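Enquirer: Provided herewith: start17.txt, compact mmCIF, C-alpha atoms.
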# COMPACT_ATOMS: atom_id res chain seq x y z
CA MET A 1 -2.30 47.62 50.94
CA SER A 2 -4.38 50.80 50.85
CA ALA A 3 -7.67 51.18 49.06
CA THR A 4 -5.87 52.90 46.15
CA SER A 5 -6.89 51.59 42.74
CA TRP A 6 -3.85 50.13 40.98
CA ASP A 7 -5.51 49.83 37.57
CA GLY A 8 -3.42 51.31 34.80
CA LEU A 9 -0.29 50.21 36.67
CA ILE A 10 3.16 50.84 35.21
CA VAL A 11 5.79 48.35 36.41
CA MET A 12 9.31 49.83 36.41
CA CYS A 13 11.98 47.12 36.65
CA SER A 14 15.14 48.99 37.61
CA GLY A 15 18.80 48.08 37.31
CA THR A 16 19.56 49.70 40.67
CA SER A 17 17.89 49.56 44.06
CA TRP A 18 15.48 52.23 45.26
CA ASP A 19 17.88 52.76 48.21
CA GLY A 20 20.84 53.52 45.93
CA MET A 21 21.88 56.69 44.14
CA ALA A 22 19.39 58.70 42.11
CA THR A 23 18.93 57.08 38.69
CA SER A 24 16.73 57.66 35.65
CA PRO A 25 14.29 54.80 36.45
CA LYS A 26 13.78 56.00 40.03
CA GLU A 27 13.34 59.65 39.04
CA ILE A 28 10.91 58.73 36.25
CA ALA A 29 8.96 56.38 38.55
CA LEU A 30 8.50 59.13 41.13
CA ARG A 31 7.02 61.47 38.51
CA LEU A 32 4.89 58.82 36.82
CA ALA A 33 3.30 58.10 40.22
CA ARG A 34 1.94 61.66 40.30
CA SER A 35 -0.50 60.79 37.54
CA GLY A 36 -1.00 57.04 37.94
CA PRO A 37 0.04 53.97 39.92
CA VAL A 38 3.61 52.64 39.68
CA LEU A 39 5.31 49.52 40.98
CA PHE A 40 9.08 49.98 41.32
CA VAL A 41 10.95 46.67 41.13
CA ASP A 42 14.49 46.48 42.53
CA PRO A 43 17.07 44.22 40.87
CA PRO A 44 16.72 40.68 42.22
CA ARG A 45 18.62 39.92 45.40
CA SER A 46 19.65 36.52 46.68
CA PHE A 47 17.77 35.41 49.79
CA VAL A 48 21.16 35.02 51.52
CA SER A 49 21.97 38.69 50.92
CA ALA A 50 18.45 39.68 51.97
CA ARG A 51 18.86 37.80 55.24
CA ARG A 52 22.03 39.77 56.01
CA ARG A 53 20.25 43.03 55.22
CA ALA A 54 17.35 42.05 57.47
CA HIS A 55 19.78 41.90 60.37
CA ARG A 56 20.84 45.47 59.54
CA GLY A 57 17.22 46.61 59.24
CA THR A 58 17.36 47.95 55.65
CA THR A 59 14.04 48.33 53.85
CA SER A 60 15.20 46.38 50.81
CA SER A 61 15.15 43.21 52.93
CA ARG A 62 11.34 43.29 53.04
CA ARG A 63 9.50 40.53 51.22
CA GLY A 64 6.63 40.99 48.81
CA VAL A 65 5.09 44.23 47.60
CA TYR A 66 4.51 47.25 49.84
CA GLU A 67 3.60 50.91 49.46
CA ILE A 68 6.29 53.61 49.71
CA GLY A 69 4.20 56.57 48.62
CA ASP A 70 0.93 57.73 47.14
CA ARG A 71 0.21 55.41 44.18
CA LEU A 72 3.77 54.08 44.46
CA ALA A 73 4.70 50.55 45.54
CA ARG A 74 7.96 48.66 45.70
CA MET A 75 9.17 45.10 45.66
CA THR A 76 12.56 43.39 45.80
CA PRO A 77 12.55 39.97 44.10
CA LEU A 78 14.35 37.34 46.17
CA VAL A 79 16.09 34.57 44.24
CA GLN A 80 18.74 31.89 44.63
CA PRO A 81 22.45 32.73 45.12
CA GLY A 82 24.54 33.02 41.96
CA ILE A 83 21.92 35.23 40.33
CA ASP A 84 23.60 35.68 36.94
CA ARG A 85 25.95 32.71 36.80
CA PRO A 86 25.85 30.62 33.63
CA GLY A 87 22.90 28.28 33.84
CA LEU A 88 21.20 30.30 36.56
CA ALA A 89 20.37 33.57 34.76
CA ARG A 90 17.29 32.12 33.05
CA PHE A 91 16.15 30.57 36.33
CA THR A 92 16.52 34.01 37.95
CA GLU A 93 14.31 35.55 35.26
CA ALA A 94 11.66 32.87 35.74
CA THR A 95 11.69 33.44 39.51
CA VAL A 96 11.36 37.21 39.09
CA LYS A 97 8.44 36.74 36.69
CA ARG A 98 6.61 34.54 39.21
CA GLN A 99 7.06 37.16 41.92
CA LEU A 100 5.95 39.96 39.60
CA ARG A 101 2.82 38.00 38.74
CA ARG A 102 2.11 37.49 42.45
CA ALA A 103 2.65 41.19 43.22
CA VAL A 104 0.26 42.30 40.48
CA ARG A 105 -2.38 39.87 41.80
CA GLU A 106 -1.92 41.27 45.31
CA LEU A 107 -2.40 44.82 44.00
CA ARG A 108 -5.39 43.64 41.96
CA ALA A 109 -3.93 45.67 39.13
CA ASP A 110 -4.51 45.94 35.43
CA VAL A 111 -1.06 46.64 33.94
CA ASP A 112 -0.60 49.23 31.22
CA ALA A 113 3.11 48.60 30.74
CA VAL A 114 6.17 46.80 32.01
CA ILE A 115 9.28 48.96 31.58
CA VAL A 116 12.57 47.10 31.98
CA ALA A 117 15.68 49.19 32.71
CA ASN A 118 18.05 46.26 33.10
CA GLN A 119 19.22 43.28 31.02
CA ARG A 120 16.57 40.75 32.04
CA ASP A 121 13.68 39.66 29.85
CA VAL A 122 10.77 39.52 32.30
CA PHE A 123 8.10 40.55 29.82
CA GLY A 124 4.80 38.69 29.84
CA ALA A 125 4.61 38.19 33.60
CA CYS A 126 1.87 40.76 34.17
CA ASP A 127 -0.35 40.44 31.07
CA GLU A 128 0.87 43.95 30.29
CA ARG A 129 -0.45 45.92 27.33
CA ARG A 130 2.97 47.42 26.43
CA ARG A 131 6.45 45.94 26.77
CA ILE A 132 9.13 48.62 26.89
CA VAL A 133 12.90 48.45 27.37
CA PHE A 134 14.33 51.59 29.00
CA ALA A 135 17.90 51.69 27.64
CA THR A 136 19.70 54.06 30.01
CA ASP A 137 23.17 53.00 28.83
CA ASP A 138 24.89 50.98 26.12
CA PHE A 139 25.40 47.96 28.34
CA VAL A 140 27.14 45.90 25.64
CA ALA A 141 29.75 48.64 25.19
CA GLY A 142 30.17 48.70 28.96
CA ALA A 143 30.70 44.94 29.34
CA GLU A 144 34.29 45.28 30.54
CA LEU A 145 33.35 48.05 32.97
CA MET A 146 30.64 45.84 34.48
CA GLY A 147 32.82 42.74 34.51
CA VAL A 148 30.43 40.74 32.29
CA ARG A 149 31.26 38.91 29.07
CA ARG A 150 30.23 40.92 26.01
CA SER A 151 28.62 37.87 24.42
CA VAL A 152 26.34 37.43 27.45
CA LEU A 153 25.09 41.03 27.25
CA GLN A 154 24.61 40.76 23.49
CA ALA A 155 22.47 37.64 23.92
CA GLN A 156 20.38 39.36 26.61
CA GLN A 157 19.91 42.41 24.40
CA GLN A 158 18.77 40.29 21.47
CA ARG A 159 16.23 38.43 23.62
CA GLN A 160 14.83 41.70 24.92
CA ALA A 161 14.59 43.06 21.38
CA ARG A 162 12.52 40.06 20.32
CA SER A 163 10.11 40.56 23.24
CA ALA A 164 9.80 44.36 23.39
CA ASP A 165 7.26 46.56 21.63
CA LEU A 166 9.48 49.60 22.04
CA VAL A 167 12.94 50.55 23.29
CA VAL A 168 13.18 53.99 24.90
CA CYS A 169 16.81 55.19 24.72
CA VAL A 170 18.48 58.13 26.48
CA THR A 171 20.60 58.96 23.41
CA PRO A 172 20.39 58.49 19.62
CA GLU A 173 23.64 56.50 19.79
CA ILE A 174 21.95 53.83 21.91
CA ALA A 175 18.83 53.95 19.72
CA GLU A 176 20.92 53.22 16.64
CA THR A 177 22.12 49.95 18.17
CA TRP A 178 18.60 48.79 19.06
CA THR A 179 17.19 49.84 15.68
CA GLY A 180 19.74 47.52 14.12
CA LEU A 181 18.09 44.68 16.05
CA GLY A 182 14.79 45.36 14.30
CA VAL A 183 12.85 46.93 17.18
CA GLU A 184 11.06 50.27 17.29
CA THR A 185 12.91 52.95 19.27
CA ALA A 186 12.29 56.39 20.75
CA VAL A 187 14.78 58.82 22.31
CA LEU A 188 14.06 60.18 25.79
CA ALA A 189 16.98 62.14 27.26
CA ASN A 190 17.73 62.21 30.95
CA GLY A 191 16.36 65.04 33.06
CA CYS A 192 16.85 66.82 36.37
CA ASP A 193 14.96 68.00 39.45
CA PRO A 194 14.75 71.82 39.25
CA GLU A 195 12.70 71.99 42.45
CA LEU A 196 15.37 70.24 44.52
CA PHE A 197 18.10 72.65 43.44
CA ALA A 198 16.10 75.85 43.00
CA ASP A 199 17.13 77.37 46.35
CA VAL A 200 20.73 76.16 46.61
CA ASP A 201 22.02 79.63 47.43
CA ASP A 202 19.68 79.83 50.42
CA THR A 203 20.53 76.33 51.65
CA PRO A 204 22.87 75.84 54.65
CA TYR A 205 26.36 74.73 53.64
CA ALA A 206 27.09 71.02 54.14
CA SER A 207 28.97 70.86 57.43
CA ASP A 208 31.59 68.25 56.46
CA VAL A 209 33.29 70.25 53.70
CA THR A 210 36.67 71.56 54.89
CA LEU A 211 38.12 73.09 51.71
CA PRO A 212 38.69 76.83 51.23
CA SER A 213 36.85 78.68 48.49
CA PRO A 214 36.73 78.84 45.55
CA ILE A 215 35.69 75.21 45.14
CA VAL A 216 35.05 73.23 41.98
CA GLY A 217 33.36 69.87 42.31
CA CYS A 218 32.18 66.64 40.81
CA VAL A 219 29.10 64.97 42.29
CA GLY A 220 28.38 61.33 41.44
CA HIS A 221 29.93 57.90 41.12
CA LEU A 222 33.74 57.87 40.88
CA SER A 223 34.43 54.97 38.54
CA ASP A 224 36.33 54.13 35.36
CA ARG A 225 33.87 56.38 33.54
CA ILE A 226 35.73 59.36 35.03
CA ASP A 227 38.99 60.61 33.44
CA VAL A 228 41.19 61.12 36.50
CA ALA A 229 43.76 62.99 34.37
CA LEU A 230 41.25 65.81 33.91
CA LEU A 231 40.74 66.12 37.68
CA ASP A 232 44.51 65.99 38.24
CA ALA A 233 44.95 68.90 35.86
CA VAL A 234 42.28 70.89 37.70
CA ALA A 235 43.95 70.16 41.05
CA ASP A 236 47.29 71.28 39.57
CA THR A 237 45.89 74.82 39.26
CA GLY A 238 45.67 74.98 43.06
CA VAL A 239 41.90 75.38 43.21
CA SER A 240 39.97 73.36 45.81
CA LEU A 241 38.45 70.19 44.34
CA LEU A 242 35.46 68.54 46.06
CA LEU A 243 34.34 65.03 45.06
CA VAL A 244 31.06 63.71 46.45
CA GLY A 245 29.87 60.16 45.75
CA PRO A 246 30.76 56.47 46.07
CA ARG A 247 34.04 55.31 44.59
CA GLN A 248 35.43 52.25 42.87
CA PRO A 249 39.10 51.32 42.43
CA VAL A 250 40.34 53.59 39.63
CA ASP A 251 43.93 54.09 38.49
CA GLY A 252 45.31 57.33 39.88
CA LEU A 253 42.34 58.10 42.13
CA ASP A 254 44.13 57.38 45.43
CA ARG A 255 46.94 59.70 44.39
CA LEU A 256 44.44 62.43 43.52
CA LEU A 257 42.58 62.09 46.82
CA ALA A 258 45.83 62.38 48.77
CA ARG A 259 46.37 65.94 47.54
CA ALA A 260 45.92 68.70 50.12
CA ASN A 261 43.47 70.68 47.95
CA VAL A 262 41.23 67.67 47.22
CA GLN A 263 38.47 66.33 49.48
CA TRP A 264 36.39 63.21 48.90
CA ILE A 265 33.07 62.65 50.65
CA ASP A 266 31.33 59.29 50.26
CA GLN A 267 27.77 58.83 49.00
CA ARG A 268 25.19 61.11 50.60
CA PRO A 269 21.37 61.11 50.19
CA LEU A 270 20.12 63.05 47.20
CA THR A 271 18.20 65.40 49.49
CA THR A 272 21.50 66.64 50.96
CA MET A 273 23.04 67.53 47.58
CA PRO A 274 21.92 71.20 47.68
CA GLY A 275 24.13 71.67 50.75
CA TYR A 276 27.16 70.40 48.81
CA LEU A 277 26.36 72.32 45.66
CA ARG A 278 26.16 75.45 47.83
CA TRP A 279 29.95 75.12 48.22
CA ILE A 280 30.66 74.45 44.55
CA ASP A 281 31.38 77.36 42.21
CA VAL A 282 31.89 75.24 39.08
CA GLY A 283 30.45 71.76 38.49
CA LEU A 284 32.56 69.22 36.60
CA THR A 285 31.49 66.38 34.29
CA PRO A 286 34.90 64.81 33.52
CA TYR A 287 33.80 61.72 31.58
CA ALA A 288 36.40 59.75 29.64
CA ASP A 289 36.03 59.36 25.87
CA THR A 290 34.91 55.71 25.68
CA ALA A 291 32.31 53.86 23.62
CA PHE A 292 30.21 53.35 26.74
CA ASN A 293 30.32 57.04 27.72
CA ARG A 294 29.62 58.20 24.17
CA GLY A 295 26.22 56.55 24.46
CA SER A 296 25.49 58.00 27.90
CA PHE A 297 23.71 61.11 29.13
CA PRO A 298 25.35 62.27 32.41
CA LEU A 299 22.81 63.35 35.01
CA LYS A 300 25.17 65.70 36.83
CA THR A 301 25.43 68.29 34.05
CA LEU A 302 21.76 69.24 34.25
CA ASP A 303 21.85 69.06 38.06
CA TYR A 304 24.63 71.66 38.13
CA LEU A 305 22.62 73.94 35.84
CA ALA A 306 19.50 73.46 37.97
CA ALA A 307 21.57 74.76 40.90
CA GLY A 308 22.64 77.76 38.82
CA ARG A 309 26.27 76.62 38.74
CA ARG A 310 28.81 77.14 36.00
CA VAL A 311 29.70 73.88 34.27
CA VAL A 312 32.75 72.40 32.55
CA ALA A 313 32.24 69.06 30.80
CA THR A 314 33.90 66.83 28.25
CA GLY A 315 32.39 66.79 24.79
CA LEU A 316 30.26 63.67 24.88
CA PRO A 317 27.64 63.63 22.11
CA ALA A 318 24.85 64.12 24.69
CA THR A 319 26.62 67.18 26.09
CA ARG A 320 27.13 68.75 22.68
CA ARG A 321 23.51 67.97 21.84
CA LEU A 322 22.41 70.28 24.66
CA ASP A 323 23.60 73.02 22.28
CA THR A 324 24.05 75.71 24.91
CA ASP A 325 26.73 78.21 25.85
CA LEU A 326 25.90 77.47 29.49
CA VAL A 327 28.28 74.48 29.44
CA ALA A 328 31.98 74.95 28.68
CA ILE A 329 33.31 71.94 26.76
CA ALA A 330 36.94 70.78 26.95
CA ASP A 331 38.48 67.37 26.32
CA THR A 332 42.20 67.42 27.12
CA PRO A 333 43.56 67.86 30.65
CA ALA A 334 45.15 71.22 29.79
CA ASP A 335 42.02 72.54 28.11
CA PHE A 336 39.78 71.22 30.89
CA ALA A 337 41.84 72.96 33.58
CA ALA A 338 41.98 76.15 31.52
CA ALA A 339 38.19 76.09 31.10
CA VAL A 340 37.74 75.75 34.86
CA THR A 341 40.08 78.70 35.47
CA SER A 342 38.21 80.75 32.89
CA GLU A 343 34.81 79.96 34.42
CA LEU A 344 36.04 80.86 37.90
CA ALA A 345 37.24 84.22 36.57
CA ARG A 346 33.81 85.06 35.21
CA PRO A 347 31.60 87.05 37.57
CA VAL A 348 28.42 85.41 38.84
CA THR A 349 25.35 87.36 37.70
CA ASN A 350 21.69 86.84 38.52
CA ASP A 351 20.94 86.76 34.80
CA ASP A 352 23.33 83.85 34.21
CA VAL A 353 21.97 81.93 37.19
CA GLN A 354 18.41 82.39 35.95
CA ARG A 355 19.37 81.29 32.43
CA ARG A 356 20.94 78.10 33.75
CA GLN A 357 17.96 77.29 35.93
CA ALA A 358 15.49 78.02 33.12
CA PHE A 359 17.43 75.69 30.82
CA ALA A 360 17.37 72.95 33.45
CA ALA A 361 13.64 73.46 34.07
CA ALA A 362 12.94 72.79 30.39
CA ASN A 363 14.67 69.43 30.86
CA SER A 364 12.93 68.33 34.06
CA TRP A 365 12.09 64.77 35.09
CA GLU A 366 8.46 65.89 35.14
CA ALA A 367 8.65 66.66 31.42
CA ARG A 368 10.43 63.37 30.70
CA ALA A 369 7.80 61.38 32.60
CA ALA A 370 5.04 63.08 30.61
CA GLU A 371 6.79 62.06 27.37
CA LEU A 372 7.16 58.48 28.58
CA ARG A 373 3.51 58.27 29.59
CA LYS A 374 2.56 59.30 26.04
CA LEU A 375 4.73 56.50 24.69
CA VAL A 376 3.03 54.03 27.04
CA ALA A 377 -0.36 55.18 25.80
CA THR A 378 0.56 54.82 22.11
With the file now loaded, output its structure as structure tokens.
Expert:
Amino acid sequence: MSATSWDGLIVMCSGTSWDGMATSPKEIALRLARSGPVLFVDPPRSFVSARRRAHRGTTSSRRGVYEIGDRLARMTPLVQPGIDRPGLARFTEATVKRQLRRAVRELRADVDAVIVANQRDVFGACDERRRIVFATDDFVAGAELMGVRRSVLQAQQQRQARSADLVVCVTPEIAETWTGLGVETAVLANGCDPELFADVDDTPYASDVTLPSPIVGCVGHLSDRIDVALLDAVADTGVSLLLVGPRQPVDGLDRLLARANVQWIDQRPLTTMPGYLRWIDVGLTPYADTAFNRGSFPLKTLDYLAAGRRVVATGLPATRRLDTDLVAIADTPADFAAAVTSELARPVTNDDVQRRQAFAAANSWEARAAELRKLVAT
């Protein structure tokens, strides 16, 4: 390790790997590291899976703690197979805590806070001053989506509530659930990276897009959270539809992707997204109206605005709470398609682009990280 002082360390235990898609914990960790040391902790991985990854040379196969940036370190806890099977979940937590304790000793760090953005109770491993849950989604409401029994997630949530000093929630809807468990809460909405998308219109077009303009697009994970009927209705208008991101099996998605005016491109690094948004005239946030989604705050809406793009989104509470005319809201397939057609018919003006980017800049990850650091210091 470098000679960097790791005192005042914030440990961010994420629900997704550093190597995966951009997520709130990763974006916040990057900004927190600009003003103090951060240890980013991947979800635990079985040593069998890690061995396979080692053969492929991926960084997440590395053991122990290692630096990945200035004042930013990473570790991937390695545990037994069957990580979350009944009878093994608690053993997994105990193993992760031992490895966290070892990593903090190696860094010779004094820990200001452990922030847990997953369902595991690993508090107390680092003699941390503050114990914070980062509730990025209503995981109990999403039990079926994640393929986990609701009772298991409820029990995990209750254990975390008993251990935490504070639960930071991305929406008031999630905060209401945690408040009912008797724990203090604060609301910290998701943000965006204005710097990444500031010069989209001067960025080279992504070379693998083959659709004719105009193009409307949806960037992000294609899962059951997406209402495919909305995208079908958009495709029915004849406009080109670009979808960029990993996909899961979803009813109707194969049929949609088979259409001549629809193109799907698998997950790409975040740094390449400006090249794809260069193609897109209108960004789509077609989330289904479910209990899980009603507690969420979609990242893509602010990303589109940061790129200066027109936006059509469904009326999730978080979207309506933005309270801006820069996002057209529609919920039925017919209304969603009509909103897209209407946005495409509107001329693009420099004033509108600047308004969208200014709105996004006021909701940056930098601002969110500053708010979180204040909560840590409380």
Enquirer: One number please: CA of Leu257 (chain A) to CA of Gly220 (chain A), in Å, one decimal.
Expert: 15.2 Å
Enquirer: Smallest atom-to-atom distance to Pro214 (chain A): which of A:Arg255, A:Leu344, A:Leu88, A:Thr271, using only C-alpha atoms?
Expert: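 The closest residue to Pro214 (chain A) is A:Leu344.
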Enquirer: Show me the residues around (38.9, 69.5, 45.6) - criterion: an atom at most 12 Å away, only C-alpha atoms counted - as an mmCIF file with C-alpha atoms, in the frame of the given file.
Expert:
data_model
loop_
_atom_site.group_PDB
_atom_site.id
_atom_site.type_symbol
_atom_site.label_atom_id
_atom_site.label_comp_id
_atom_site.auth_asym_id
_atom_site.auth_seq_id
_atom_site.Cartn_x
_atom_site.Cartn_y
_atom_site.Cartn_z
ATOM 1 C CA VAL A 209 33.290 70.250 53.700
ATOM 2 C CA THR A 210 36.670 71.560 54.890
ATOM 3 C CA LEU A 211 38.120 73.090 51.710
ATOM 4 C CA PRO A 212 38.690 76.830 51.230
ATOM 5 C CA SER A 213 36.850 78.680 48.490
ATOM 6 C CA PRO A 214 36.730 78.840 45.550
ATOM 7 C CA ILE A 215 35.690 75.210 45.140
ATOM 8 C CA VAL A 216 35.050 73.230 41.980
ATOM 9 C CA GLY A 217 33.360 69.870 42.310
ATOM 10 C CA CYS A 218 32.180 66.640 40.810
ATOM 11 C CA VAL A 219 29.100 64.970 42.290
ATOM 12 C CA LEU A 231 40.740 66.120 37.680
ATOM 13 C CA ASP A 232 44.510 65.990 38.240
ATOM 14 C CA ALA A 233 44.950 68.900 35.860
ATOM 15 C CA VAL A 234 42.280 70.890 37.700
ATOM 16 C CA ALA A 235 43.950 70.160 41.050
ATOM 17 C CA ASP A 236 47.290 71.280 39.570
ATOM 18 C CA THR A 237 45.890 74.820 39.260
ATOM 19 C CA GLY A 238 45.670 74.980 43.060
ATOM 20 C CA VAL A 239 41.900 75.380 43.210
ATOM 21 C CA SER A 240 39.970 73.360 45.810
ATOM 22 C CA LEU A 241 38.450 70.190 44.340
ATOM 23 C CA LEU A 242 35.460 68.540 46.060
ATOM 24 C CA LEU A 243 34.340 65.030 45.060
ATOM 25 C CA VAL A 244 31.060 63.710 46.450
ATOM 26 C CA LEU A 256 44.440 62.430 43.520
ATOM 27 C CA LEU A 257 42.580 62.090 46.820
ATOM 28 C CA ALA A 258 45.830 62.380 48.770
ATOM 29 C CA ARG A 259 46.370 65.940 47.540
ATOM 30 C CA ALA A 260 45.920 68.700 50.120
ATOM 31 C CA ASN A 261 43.470 70.680 47.950
ATOM 32 C CA VAL A 262 41.230 67.670 47.220
ATOM 33 C CA GLN A 263 38.470 66.330 49.480
ATOM 34 C CA TRP A 264 36.390 63.210 48.900
ATOM 35 C CA ILE A 265 33.070 62.650 50.650
ATOM 36 C CA TRP A 279 29.950 75.120 48.220
ATOM 37 C CA ILE A 280 30.660 74.450 44.550
ATOM 38 C CA ASP A 281 31.380 77.360 42.210
ATOM 39 C CA VAL A 282 31.890 75.240 39.080
ATOM 40 C CA GLY A 283 30.450 71.760 38.490
ATOM 41 C CA LEU A 284 32.560 69.220 36.600
#
Enquirer: So how many Å separate CA of Ala369 (chain A) and CA of Cys192 (chain A), to one decimal?
Expert: 11.2 Å
Enquirer: Of the candidates A:Gly15, A:Pro274, A:Pro204, A:Pro286, which one gets nearest to Ala307 (chain A) if we count all atoms listed in the file?
Expert: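 Closest to Ala307 (chain A), using all atoms listed in the file: A:Pro274.
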Enquirer: Mind pulling up the distance from CA of Ile28 (chain A) to CA of Asp84 (chain A)?
Expert: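 Those two atoms sit 26.3 Å apart.
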Enquirer: Which residue is closest to Trp18 (chain A)? Choose from A:Ala161, A:Leu270, A:Val122, A:Ala89 and count all atoms listed in the file.
Expert: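 That would be A:Leu270, the residue with the smallest distance to Trp18 (chain A).
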Enquirer: Can you pull out the residues contacting Leu253 (chain A)? Cut-off 10 Å, using only C-alpha atoms, and skip same-chain residues under 4 positions away; I want them as a JSON list (two decimals) with C-alpha atoms, keeping the file's coordinate frame.
Expert:
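And here is the file that came out, out-v7.json:
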[["chain", "number", "residue", "atom", "x", "y", "z"],
["A", 222, "LEU", "CA", 33.74, 57.87, 40.88],
["A", 223, "SER", "CA", 34.43, 54.97, 38.54],
["A", 224, "ASP", "CA", 36.33, 54.13, 35.36],
["A", 226, "ILE", "CA", 35.73, 59.36, 35.03],
["A", 227, "ASP", "CA", 38.99, 60.61, 33.44],
["A", 228, "VAL", "CA", 41.19, 61.12, 36.50],
["A", 229, "ALA", "CA", 43.76, 62.99, 34.37],
["A", 231, "LEU", "CA", 40.74, 66.12, 37.68],
["A", 232, "ASP", "CA", 44.51, 65.99, 38.24],
["A", 247, "ARG", "CA", 34.04, 55.31, 44.59],
["A", 248, "GLN", "CA", 35.43, 52.25, 42.87],
["A", 249, "PRO", "CA", 39.10, 51.32, 42.43],
["A", 257, "LEU", "CA", 42.58, 62.09, 46.82],
["A", 258, "ALA", "CA", 45.83, 62.38, 48.77]]
Enquirer: Which residue is closest to Asp202 (chain A)? Choose from A:Gly142, A:Arg278, A:Gln157, A:Val133 and count only C-alpha atoms.
Expert: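 The answer is A:Arg278, which sits nearest to Asp202 (chain A).
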Enquirer: Compute the distance from (-4.7, 45.3, 30.0) to each atom, counting all atoms listed in the file, keep the residues with any atom at most 10 Å away, and return them as a PyMOL selection string; use the coordinates of the file.
Expert: chain A and resi 7-9+109-113+126-130
Enquirer: May I have the selected residues written with C-alpha atoms, as a PDB file, in the frame of the given file?
Expert:
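Produced file again_9.pdb, reproduced below:
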ATOM      1  CA  ASP A   7      -5.510  49.830  37.570  1.00  0.00           C
ATOM      2  CA  GLY A   8      -3.420  51.310  34.800  1.00  0.00           C
ATOM      3  CA  LEU A   9      -0.290  50.210  36.670  1.00  0.00           C
ATOM      4  CA  ALA A 109      -3.930  45.670  39.130  1.00  0.00           C
ATOM      5  CA  ASP A 110      -4.510  45.940  35.430  1.00  0.00           C
ATOM      6  CA  VAL A 111      -1.060  46.640  33.940  1.00  0.00           C
ATOM      7  CA  ASP A 112      -0.600  49.230  31.220  1.00  0.00           C
ATOM      8  CA  ALA A 113       3.110  48.600  30.740  1.00  0.00           C
ATOM      9  CA  CYS A 126       1.870  40.760  34.170  1.00  0.00           C
ATOM     10  CA  ASP A 127      -0.350  40.440  31.070  1.00  0.00           C
ATOM     11  CA  GLU A 128       0.870  43.950  30.290  1.00  0.00           C
ATOM     12  CA  ARG A 129      -0.450  45.920  27.330  1.00  0.00           C
ATOM     13  CA  ARG A 130       2.970  47.420  26.430  1.00  0.00           C
TER      14      ARG A 130
END
